[in-house]
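**Student:** The structure under discussion is supplied below as structure tokens; questions concerning it will follow.
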Amino acid sequence: MGRASYLGELEQMVLWAVIRLGGEGYGASILEALNERVDRRVTPGALYATLDRLEGKGMIQSRLADPEPGRGGRRKRYMDVTSEGRAALERTRSEWMRVWEGIDLVTDAESG
Amino acid sequence: MPRPPRAAEALLTLFLPANGVRESVLGDLHEMFLERVRGRPGARTAATRWYWGQALRLAGGYAVRRIAGNGARGFGTPASPAEVGRPEIGGGDGMRGMIRQLRLSTRSLLKSPGFTLPALFILAVGMTAGTAIFTVVDSILLRPLDLPDSERLVMVCEDHPRQGDVCIASPGNVEDFRLSVSSLSELGIVRGWPFTLGDGGESEGVRGGLASASALRAVGVTPALGRLFRDDEHGPSDDKVILLSHAYWSARFGADSSVMGRTVSLSGVSHEVVGVLPAGFDLPFDLAGIEVWKPPHVDPLDPEVRDWRGFRAIGRLAEGSNVAAAASELSRTYSALAEIHESIDAEWRLRVQPLLRVVVGDTRTVLLAFLGAAGLLLLIVCANVANLLLARGLNRRREIAVRTALGAGRSRLVGEILVEGLLLSAAASAIAVLGSRSAVAGLVSLAPPGIPRLEEVSMDVGVLAFVVVLAVVVTLFFATLPALRVSSWELSQALKGSARSGRDSGSRRLQSAFVVTELALSVMLVAGAAMLTRSFIEYARWDPGFDPERRLAVSAFFDPGKYASRSEFVPVIRRGEEMIAALPGVVSVATASAGPLFGGGDGASPFLVEGADPSGPAPSARWFDIGPDFFATLGVPLVRGREFTESDTQESPRVAIVNEAFARIAWPAEDPLGRRVRLPEIGGLELEVIGVAADVAPMEPGEVTYPEIYWSNRQLGRLATFYLVRAEGDLTSLSSEVQAALERTDPDVSLGTPWTLSAEMGRALVRPRFQAIMLVSFALVALVLASVGVYSVVSYAVANRTREVGVRMALGASGNEILSLVVRSTAAVAGLGLVLGLAGAALVGRLVQGLTPGVSAIDPISLSGAAAVLTVATGAAVLVPARRAARLDPTVAMRAED
């Protein structure tokens, strides 16, 4: 599948957060979810760059909601995962699982 | 309700993509900001700081991606809902986008040569001149000397009001300082001292020097071979030792290390080579290039040499001390010494100066003046480029307005303009990098040999980087400024106003301010250059009162070890004269300890004339010893009495010749002949005046002729003398014959290289000429830049008023009326620039007065000349576009768009 199928670490985390928030995730809430769950400081700049990139690969899609007063009267941009996004995350997960299995085998062989 | 900092929001608005992304990101940040403020008192400041941090990071990130990704998306893409959230850049497209944007910008620049060429020219010329000058100044003035920790090296100078601006000290006083002060960790003496060096059969003159062990320790040199001197080798020691310079060791001894411990003959005395100094080690001043060093042969504490202030004292500041502390400690010690030693009278003062400052000396004023000139030039360049960019920006407002209306984000437009600015400054930088290398070489080749440390001048990357960064920053700033000023209100104005001139008065004022600045700075530079040129002409006009043509001079130093008394070497000096006089082509020959264009100069001493009150203030005179026929050989007429002859001997009464300046002071109303003069500081010497010589005009314009007194070297001669030869025929071949004749007189004599007085006179003019050439070229560059600047701004302005001109002409205005309209609108601006420039020039004149002897600080000729030149240049720059406007066809002009 080439480049498009590859998911970087931050991309996986962001996709995970988008899926978890079930289509109701937007910049601030995704950032909050990431900072709660992952022990790593993710800055807004890094998040938006990743979101843009994922959207460019067609793995997420966004829609603008209605203006809200708590945000200076600005709209939220809700993110939802696409089927490609789900497939890519699933693929990446299984690839990693295989990698880990492989390492287990090596470890077993060495210890045994 | 708290809200995020508006300025940070504005910044983000500028750089975020103009679609849903911008709105949602601002909303998210707003939300997070409130989250941070809420519930925590005093958290507001922290939240604001956080917001700014995020805003800067986001703005930077988006700006970079925007420039990189611009071309990939084409321009003017509307922000349709379908596109909301679409990435501005696809990762792989960045490079391609950048290249495409560069291509677009290049095309856009090439399409408007009326802007691109002047801008490129101004930037490139200004940067080249700026870099070259900064490089020369930086190399000579700002870089420390090539000695370890050279910024801690100082010179200790004994100053006397009659001595002039030299930095010298006596061995005895220096030794006392060395032993008693704590603010200097080391202090020693050095001076030049020519030797002849013999190794086996042949002996040759070498550039020799005396250096105490402590001086070598002070400068921090480590020998390449062997050792330095020891303190007990100072003075009349039995251990005669020498050090060789690396260059001399390589040239004379083939870099053979077995030379260590070898015994060579130094001016007839055996010395042992104990060390070789490292390659590249050199001291400044006349000490540069010394080949053989030996310790001073005098005992520093011998009272006889207490007043021999013939050495340079170099010291190193102790840990934690500084120049001021050393100066105050040494001055205290000096006052204490003055109470013990008679040779330190009440007028002697002690001075401690950083070595670098002494080395750079006079050059400092010159270089600072050039630095100022380079600064002015860079300012002119900035004003010029800013002006051009503003004019272009204003002209593009309509384009920007249309494109913005079609949905192009402002940040994209700003990005485009940034790329254009970068392209322009990069092209100019490339030209400047190539050009400044040759410009530096050119400046160095123009420079007279006397400029210190010239050989160290090399292209400095830091200097170039400074100028490039300056150019890039100025270009980018003024390129983006007009685009940023396009607010939405102005957009509609710009669109509506396309039929009119479309220029707001604010921008117009800004442009006028730039023209005023540019003109004012140029007037200052041109006036400064004119002053220097006038001063140079004063130098060139020097008429010494004698003909320097066909006169040769050579310095000779007879070995003091060979002659026990004066009566022994007077015949040697005389035999030298006779040997030279016998050479074919020689008209006459004479000797002198110093003289005009010879160099040297022994010093000045107070004198008392017969009958004067000895307690009153004594006038002082420079003194020289000379041989018979000196004035005849030089060509200076005697106005009274006679020259010295061979009949003035050790046995006959001591006689003197004075110059007219001396006679005017000593005997204003009487005949000087037969009068007696006493020199209390020179052993109470008493002389009878037998002649008065015409004054030799001082070489420095604006200086007064100093009183001078001469006595005969047959009566009071010294071992160092100049031989002056007046000859016919080929002086080049004669000079080697003169050397040979003197070597036949005494094989151990140390001779300087013979030179002709006319060549020396040319050399003396080289430095003022160099300064004048440098500043004049600066002024020319400034003049060209100012003219180009004024021209381009006025043509832009006229072009912008094309429609107005057409309407006026259609309404019956004549070509001449149009001409005067255009000229009038510029005249006020230009006039203000000239007036401000003249005021500035008067100020500059005061600052550079030290450089321009013979020219007053406010020199009417230079000022009016500068004003006239710039008026003409500005006039030409205005007239060309004005005439073009006057010749316009009204029907075409009225259809013109901005």
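Letters A, B, ... mark the chains of the structure tokens in the order given; residue numbers begin at 1 per chain; ligand numbers begin at 1, in order shown.
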Pick out the chain A residues within 7 Å of chain B. Count only C-alpha atoms. Give them as a list of chain:residue names.

**Tutor:**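 Applying the cut-off to the listed atoms yields A:Gly27, A:Ala28, A:Pro44, A:Gly45, A:Asp52, A:Arg53, A:Glu55, A:Gly56, A:Ser62, A:Gly70, A:Arg71, A:Gly72, A:Arg74, A:Arg75, A:Lys76, A:Arg77.
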
**Student:** Store the residues picked out above in a file with N, CA and C atoms, as a PDB file, in the first residue's frame.

**Tutor:**
ATOM      1  N   GLY A  27     -10.780  19.445  18.341  1.00  0.00           N
ATOM      2  CA  GLY A  27      -9.422  19.785  18.785  1.00  0.00           C
ATOM      3  C   GLY A  27      -9.195  19.674  20.287  1.00  0.00           C
ATOM      4  N   ALA A  28      -9.954  20.466  21.042  1.00  0.00           N
ATOM      5  CA  ALA A  28      -9.687  20.533  22.474  1.00  0.00           C
ATOM      6  C   ALA A  28      -9.963  19.204  23.157  1.00  0.00           C
ATOM      7  N   PRO A  44      -1.034  21.617  20.819  1.00  0.00           N
ATOM      8  CA  PRO A  44      -2.036  21.869  19.786  1.00  0.00           C
ATOM      9  C   PRO A  44      -1.415  21.861  18.395  1.00  0.00           C
ATOM     10  N   GLY A  45      -0.222  22.436  18.278  1.00  0.00           N
ATOM     11  CA  GLY A  45       0.421  22.515  16.965  1.00  0.00           C
ATOM     12  C   GLY A  45       0.627  21.133  16.367  1.00  0.00           C
ATOM     13  N   ASP A  52      -4.547  17.346  10.140  1.00  0.00           N
ATOM     14  CA  ASP A  52      -4.513  17.744   8.734  1.00  0.00           C
ATOM     15  C   ASP A  52      -3.981  16.599   7.871  1.00  0.00           C
ATOM     16  N   ARG A  53      -2.918  15.964   8.389  1.00  0.00           N
ATOM     17  CA  ARG A  53      -2.287  14.914   7.619  1.00  0.00           C
ATOM     18  C   ARG A  53      -3.232  13.717   7.462  1.00  0.00           C
ATOM     19  N   GLU A  55      -6.447  13.734   7.626  1.00  0.00           N
ATOM     20  CA  GLU A  55      -7.556  14.090   6.753  1.00  0.00           C
ATOM     21  C   GLU A  55      -7.103  14.040   5.299  1.00  0.00           C
ATOM     22  N   GLY A  56      -5.856  14.457   5.091  1.00  0.00           N
ATOM     23  CA  GLY A  56      -5.305  14.433   3.737  1.00  0.00           C
ATOM     24  C   GLY A  56      -5.204  13.012   3.207  1.00  0.00           C
ATOM     25  N   SER A  62     -14.059  15.723   8.611  1.00  0.00           N
ATOM     26  CA  SER A  62     -14.477  16.683   9.629  1.00  0.00           C
ATOM     27  C   SER A  62     -15.759  17.374   9.176  1.00  0.00           C
ATOM     28  N   GLY A  70     -18.929  29.625  24.432  1.00  0.00           N
ATOM     29  CA  GLY A  70     -17.756  29.333  25.257  1.00  0.00           C
ATOM     30  C   GLY A  70     -16.469  29.306  24.445  1.00  0.00           C
ATOM     31  N   ARG A  71     -16.611  29.488  23.144  1.00  0.00           N
ATOM     32  CA  ARG A  71     -15.441  29.462  22.275  1.00  0.00           C
ATOM     33  C   ARG A  71     -15.309  30.762  21.517  1.00  0.00           C
ATOM     34  N   GLY A  72     -15.806  31.843  22.129  1.00  0.00           N
ATOM     35  CA  GLY A  72     -15.716  33.117  21.418  1.00  0.00           C
ATOM     36  C   GLY A  72     -16.616  33.130  20.203  1.00  0.00           C
ATOM     37  N   ARG A  74     -17.232  30.698  18.125  1.00  0.00           N
ATOM     38  CA  ARG A  74     -16.684  30.008  16.967  1.00  0.00           C
ATOM     39  C   ARG A  74     -17.180  28.567  16.900  1.00  0.00           C
ATOM     40  N   ARG A  75     -17.141  28.026  15.681  1.00  0.00           N
ATOM     41  CA  ARG A  75     -17.648  26.669  15.495  1.00  0.00           C
ATOM     42  C   ARG A  75     -16.585  25.633  15.852  1.00  0.00           C
ATOM     43  N   LYS A  76     -17.115  24.431  16.256  1.00  0.00           N
ATOM     44  CA  LYS A  76     -16.204  23.312  16.468  1.00  0.00           C
ATOM     45  C   LYS A  76     -16.038  22.550  15.160  1.00  0.00           C
ATOM     46  N   ARG A  77     -14.884  21.927  15.011  1.00  0.00           N
ATOM     47  CA  ARG A  77     -14.684  21.077  13.850  1.00  0.00           C
ATOM     48  C   ARG A  77     -14.626  19.649  14.381  1.00  0.00           C
TER      49      ARG A  77
END

**Student:** Need the shell around segment 823-830 of chain B: protein/DNA/RNA residues with any atom at most 12 Å away, counting only C-alpha atoms. Skip same-chain ones fewer than 4 positions apart. Format as a PyMOL selection string?

**Tutor:** chain B and resi 508-520+522-523+786-787+789-791+793-795+797-798+801+816-819+834-837+867+870-883+885-886

**Student:** Deliver the residues from the most recent selection as a file, using C-alpha atoms, as a compact mmCIF listing (two decimals), in the first residue's frame.

**Tutor:**
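As a result, result18.txt now contains:
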# COMPACT_ATOMS: atom_id res chain seq x y z
CA ARG B 508 2.55 58.79 0.51
CA ARG B 509 3.91 60.42 3.63
CA LEU B 510 5.93 57.32 4.40
CA GLN B 511 7.44 57.39 0.92
CA SER B 512 8.23 61.07 1.21
CA ALA B 513 9.89 60.41 4.56
CA PHE B 514 12.11 57.83 2.90
CA VAL B 515 13.10 60.23 0.14
CA VAL B 516 13.91 62.91 2.72
CA THR B 517 16.01 60.46 4.76
CA GLU B 518 17.82 59.19 1.73
CA LEU B 519 18.67 62.64 0.46
CA ALA B 520 19.76 63.85 3.88
CA SER B 522 23.53 61.30 0.91
CA VAL B 523 24.23 64.98 1.47
CA ALA B 786 20.18 58.27 -3.87
CA SER B 787 19.61 59.23 -7.51
CA GLY B 789 16.07 55.92 -5.31
CA VAL B 790 14.64 59.32 -6.05
CA TYR B 791 14.24 58.46 -9.71
CA VAL B 793 10.08 56.73 -6.49
CA VAL B 794 9.22 59.72 -8.63
CA SER B 795 8.64 57.58 -11.74
CA ALA B 797 4.50 58.36 -8.42
CA VAL B 798 4.18 59.84 -11.88
CA ARG B 801 -0.87 59.72 -11.65
CA ASN B 816 4.84 72.68 -19.19
CA GLU B 817 2.13 72.90 -16.56
CA ILE B 818 2.22 69.16 -16.12
CA LEU B 819 6.00 69.34 -15.86
CA LEU B 834 18.79 68.77 1.46
CA VAL B 835 18.33 71.08 4.46
CA LEU B 836 18.35 68.22 6.95
CA GLY B 837 21.37 66.76 5.18
CA ALA B 867 24.09 70.36 -1.92
CA LEU B 870 22.55 66.29 -4.99
CA THR B 871 20.27 68.99 -6.31
CA VAL B 872 21.45 68.20 -9.81
CA ALA B 873 21.12 64.46 -9.24
CA THR B 874 17.63 64.85 -7.79
CA GLY B 875 16.65 67.27 -10.53
CA ALA B 876 17.66 64.78 -13.19
CA ALA B 877 15.83 62.02 -11.35
CA VAL B 878 12.66 64.15 -11.28
CA LEU B 879 12.88 65.64 -14.74
CA VAL B 880 13.00 62.40 -16.70
CA PRO B 881 9.69 61.02 -15.40
CA ALA B 882 8.17 64.51 -15.34
CA ARG B 883 8.91 65.04 -19.02
CA ALA B 885 4.32 62.65 -18.04
CA ALA B 886 4.19 65.93 -19.94

**Student:** Once DSSP has gone over the backbone, tell me which residues of segment 800-856 of chain B are in alpha helix (DSSP H), as a ChimeraX atom specification.

**Tutor:** /B:800,802-810,815-847

**Student:** Store the residues of this selection in a file with N, CA and C atoms, as a short mmCIF file (atom, residue, chain, number, x, y, z; two decimals), in the first residue's frame.

**Tutor:**
data_model
loop_
_atom_site.label_atom_id
_atom_site.label_comp_id
_atom_site.auth_asym_id
_atom_site.auth_seq_id
_atom_site.Cartn_x
_atom_site.Cartn_y
_atom_site.Cartn_z
N ASN B 800 1.69 56.48 -11.41
CA ASN B 800 0.42 56.33 -10.71
C ASN B 800 -0.55 57.47 -10.99
N THR B 802 -0.83 58.86 -13.90
CA THR B 802 -1.00 58.96 -15.35
C THR B 802 -2.42 59.41 -15.72
N ARG B 803 -3.40 58.78 -15.08
CA ARG B 803 -4.80 59.12 -15.41
C ARG B 803 -5.10 60.58 -15.08
N GLU B 804 -4.62 60.98 -13.90
CA GLU B 804 -4.84 62.36 -13.47
C GLU B 804 -4.21 63.31 -14.49
N VAL B 805 -3.00 62.97 -14.93
CA VAL B 805 -2.31 63.81 -15.92
C VAL B 805 -3.14 63.89 -17.19
N GLY B 806 -3.69 62.71 -17.60
CA GLY B 806 -4.51 62.68 -18.80
C GLY B 806 -5.71 63.59 -18.67
N VAL B 807 -6.41 63.54 -17.53
CA VAL B 807 -7.59 64.38 -17.30
C VAL B 807 -7.19 65.85 -17.37
N ARG B 808 -6.09 66.18 -16.67
CA ARG B 808 -5.65 67.57 -16.66
C ARG B 808 -5.36 68.06 -18.08
N MET B 809 -4.70 67.18 -18.86
CA MET B 809 -4.35 67.61 -20.21
C MET B 809 -5.60 67.75 -21.06
N ALA B 810 -6.54 66.82 -20.85
CA ALA B 810 -7.79 66.91 -21.59
C ALA B 810 -8.51 68.20 -21.25
N GLY B 815 1.82 70.94 -21.58
CA GLY B 815 2.93 70.07 -21.16
C GLY B 815 3.77 70.71 -20.07
N ASN B 816 4.02 72.00 -20.19
CA ASN B 816 4.84 72.68 -19.19
C ASN B 816 4.15 72.72 -17.83
N GLU B 817 2.85 72.88 -17.85
CA GLU B 817 2.13 72.90 -16.56
C GLU B 817 2.22 71.55 -15.87
N ILE B 818 2.10 70.51 -16.69
CA ILE B 818 2.22 69.16 -16.12
C ILE B 818 3.61 68.99 -15.53
N LEU B 819 4.62 69.44 -16.30
CA LEU B 819 6.00 69.34 -15.86
C LEU B 819 6.18 70.01 -14.50
N SER B 820 5.67 71.24 -14.40
CA SER B 820 5.88 71.98 -13.15
C SER B 820 5.07 71.35 -12.03
N LEU B 821 3.93 70.74 -12.37
CA LEU B 821 3.14 70.06 -11.33
C LEU B 821 3.96 68.93 -10.70
N VAL B 822 4.56 68.13 -11.58
CA VAL B 822 5.33 66.99 -11.08
C VAL B 822 6.55 67.47 -10.31
N VAL B 823 7.25 68.48 -10.87
CA VAL B 823 8.46 68.97 -10.22
C VAL B 823 8.12 69.59 -8.86
N ARG B 824 7.04 70.37 -8.83
CA ARG B 824 6.65 71.02 -7.58
C ARG B 824 6.38 70.02 -6.48
N SER B 825 5.68 68.94 -6.85
CA SER B 825 5.31 67.98 -5.80
C SER B 825 6.55 67.30 -5.21
N THR B 826 7.64 67.27 -5.95
CA THR B 826 8.85 66.64 -5.43
C THR B 826 9.77 67.66 -4.78
N ALA B 827 9.68 68.91 -5.23
CA ALA B 827 10.65 69.92 -4.79
C ALA B 827 10.64 70.10 -3.27
N ALA B 828 9.46 70.13 -2.68
CA ALA B 828 9.38 70.37 -1.24
C ALA B 828 10.08 69.24 -0.48
N VAL B 829 9.78 68.02 -0.92
CA VAL B 829 10.38 66.84 -0.27
C VAL B 829 11.90 66.89 -0.42
N ALA B 830 12.36 67.14 -1.64
CA ALA B 830 13.80 67.17 -1.89
C ALA B 830 14.46 68.30 -1.09
N GLY B 831 13.80 69.45 -1.05
CA GLY B 831 14.35 70.60 -0.32
C GLY B 831 14.54 70.26 1.16
N LEU B 832 13.53 69.63 1.74
CA LEU B 832 13.63 69.26 3.15
C LEU B 832 14.80 68.30 3.36
N GLY B 833 14.94 67.34 2.46
CA GLY B 833 16.04 66.38 2.55
C GLY B 833 17.38 67.09 2.51
N LEU B 834 17.52 68.05 1.60
CA LEU B 834 18.79 68.77 1.46
C LEU B 834 19.11 69.55 2.73
N VAL B 835 18.09 70.25 3.26
CA VAL B 835 18.33 71.08 4.46
C VAL B 835 18.75 70.21 5.64
N LEU B 836 18.01 69.12 5.84
CA LEU B 836 18.35 68.22 6.95
C LEU B 836 19.75 67.65 6.74
N GLY B 837 20.07 67.32 5.49
CA GLY B 837 21.37 66.76 5.18
C GLY B 837 22.49 67.74 5.48
N LEU B 838 22.27 69.02 5.16
CA LEU B 838 23.31 70.02 5.42
C LEU B 838 23.54 70.17 6.92
N ALA B 839 22.43 70.16 7.68
CA ALA B 839 22.58 70.24 9.15
C ALA B 839 23.37 69.05 9.65
N GLY B 840 23.02 67.86 9.12
CA GLY B 840 23.75 66.64 9.53
C GLY B 840 25.21 66.72 9.14
N ALA B 841 25.47 67.27 7.95
CA ALA B 841 26.85 67.35 7.45
C ALA B 841 27.70 68.26 8.33
N ALA B 842 27.08 69.33 8.83
CA ALA B 842 27.82 70.23 9.71
C ALA B 842 28.24 69.47 10.97
N LEU B 843 27.34 68.60 11.42
CA LEU B 843 27.62 67.77 12.61
C LEU B 843 28.73 66.77 12.30
N VAL B 844 28.61 66.11 11.16
CA VAL B 844 29.62 65.13 10.74
C VAL B 844 30.98 65.81 10.62
N GLY B 845 30.96 67.05 10.05
CA GLY B 845 32.20 67.80 9.88
C GLY B 845 32.94 67.95 11.19
N ARG B 846 32.19 68.23 12.24
CA ARG B 846 32.83 68.39 13.54
C ARG B 846 33.45 67.08 14.00
N LEU B 847 32.74 65.97 13.72
CA LEU B 847 33.23 64.67 14.17
C LEU B 847 34.51 64.26 13.45
#

**Student:** Got a sec: who's within 7 Å of Ser183 of chain B, counting only C-alpha atoms, leaving out chain neighbours fewer than 6 positions off, as number ranges by chain?

**Tutor:** B: 317-318, 321, 325-326

**Student:** Could you write out the selected residues, including C-alpha atoms, as a short mmCIF file (atom, residue, chain, number, x, y, z; two decimals), in the first residue's frame?

**Tutor:**
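Okay, selection_31.cif is ready:
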data_model
loop_
_atom_site.label_atom_id
_atom_site.label_comp_id
_atom_site.auth_asym_id
_atom_site.auth_seq_id
_atom_site.Cartn_x
_atom_site.Cartn_y
_atom_site.Cartn_z
CA LEU B 317 47.50 42.71 33.21
CA ALA B 318 47.48 40.55 36.31
CA SER B 321 43.19 43.66 37.27
CA ALA B 325 43.65 49.89 38.03
CA ALA B 326 47.05 49.41 36.42
#

**Student:** Would you pick out the contacts of Glu233 of chain B at 9 Å or less, using only C-alpha atoms, so that residues sharing its chain but fewer than 6 positions from it are not included, and give the list as an MDAnalysis selection string?

**Tutor:** chainID B and resid 212:213 239:241 295:297

**Student:** Grab the residues selected above and save them as a PDB file, in the first residue's frame with N, CA and C atoms.

**Tutor:**
ATOM      1  N   SER B 212      63.609  42.351  26.477  1.00  0.00           N
ATOM      2  CA  SER B 212      63.950  41.799  27.779  1.00  0.00           C
ATOM      3  C   SER B 212      63.205  40.482  27.960  1.00  0.00           C
ATOM      4  N   ALA B 213      63.753  39.646  28.840  1.00  0.00           N
ATOM      5  CA  ALA B 213      63.120  38.354  29.108  1.00  0.00           C
ATOM      6  C   ALA B 213      61.680  38.557  29.544  1.00  0.00           C
ATOM      7  N   ASP B 239      76.974  36.308  29.251  1.00  0.00           N
ATOM      8  CA  ASP B 239      76.322  35.344  28.368  1.00  0.00           C
ATOM      9  C   ASP B 239      75.655  36.102  27.241  1.00  0.00           C
ATOM     10  N   LYS B 240      76.299  36.123  26.081  1.00  0.00           N
ATOM     11  CA  LYS B 240      75.704  36.812  24.945  1.00  0.00           C
ATOM     12  C   LYS B 240      74.802  35.809  24.214  1.00  0.00           C
ATOM     13  N   VAL B 241      73.504  36.053  24.243  1.00  0.00           N
ATOM     14  CA  VAL B 241      72.570  35.088  23.661  1.00  0.00           C
ATOM     15  C   VAL B 241      71.652  35.794  22.660  1.00  0.00           C
ATOM     16  N   PRO B 295      68.851  40.349  24.260  1.00  0.00           N
ATOM     17  CA  PRO B 295      68.421  41.104  25.434  1.00  0.00           C
ATOM     18  C   PRO B 295      69.050  42.495  25.377  1.00  0.00           C
ATOM     19  N   PRO B 296      68.383  43.504  25.949  1.00  0.00           N
ATOM     20  CA  PRO B 296      68.975  44.846  25.978  1.00  0.00           C
ATOM     21  C   PRO B 296      70.331  44.777  26.664  1.00  0.00           C
ATOM     22  N   HIS B 297      71.273  45.524  26.087  1.00  0.00           N
ATOM     23  CA  HIS B 297      72.649  45.426  26.593  1.00  0.00           C
ATOM     24  C   HIS B 297      72.897  46.410  27.718  1.00  0.00           C
TER      25      HIS B 297
END

**Student:** Expressed in Å to a single decimal, how great is the separation between atom CA of Leu10 of chain A and atom CA of Gly58 of chain A?

**Tutor:** 16.3 Å
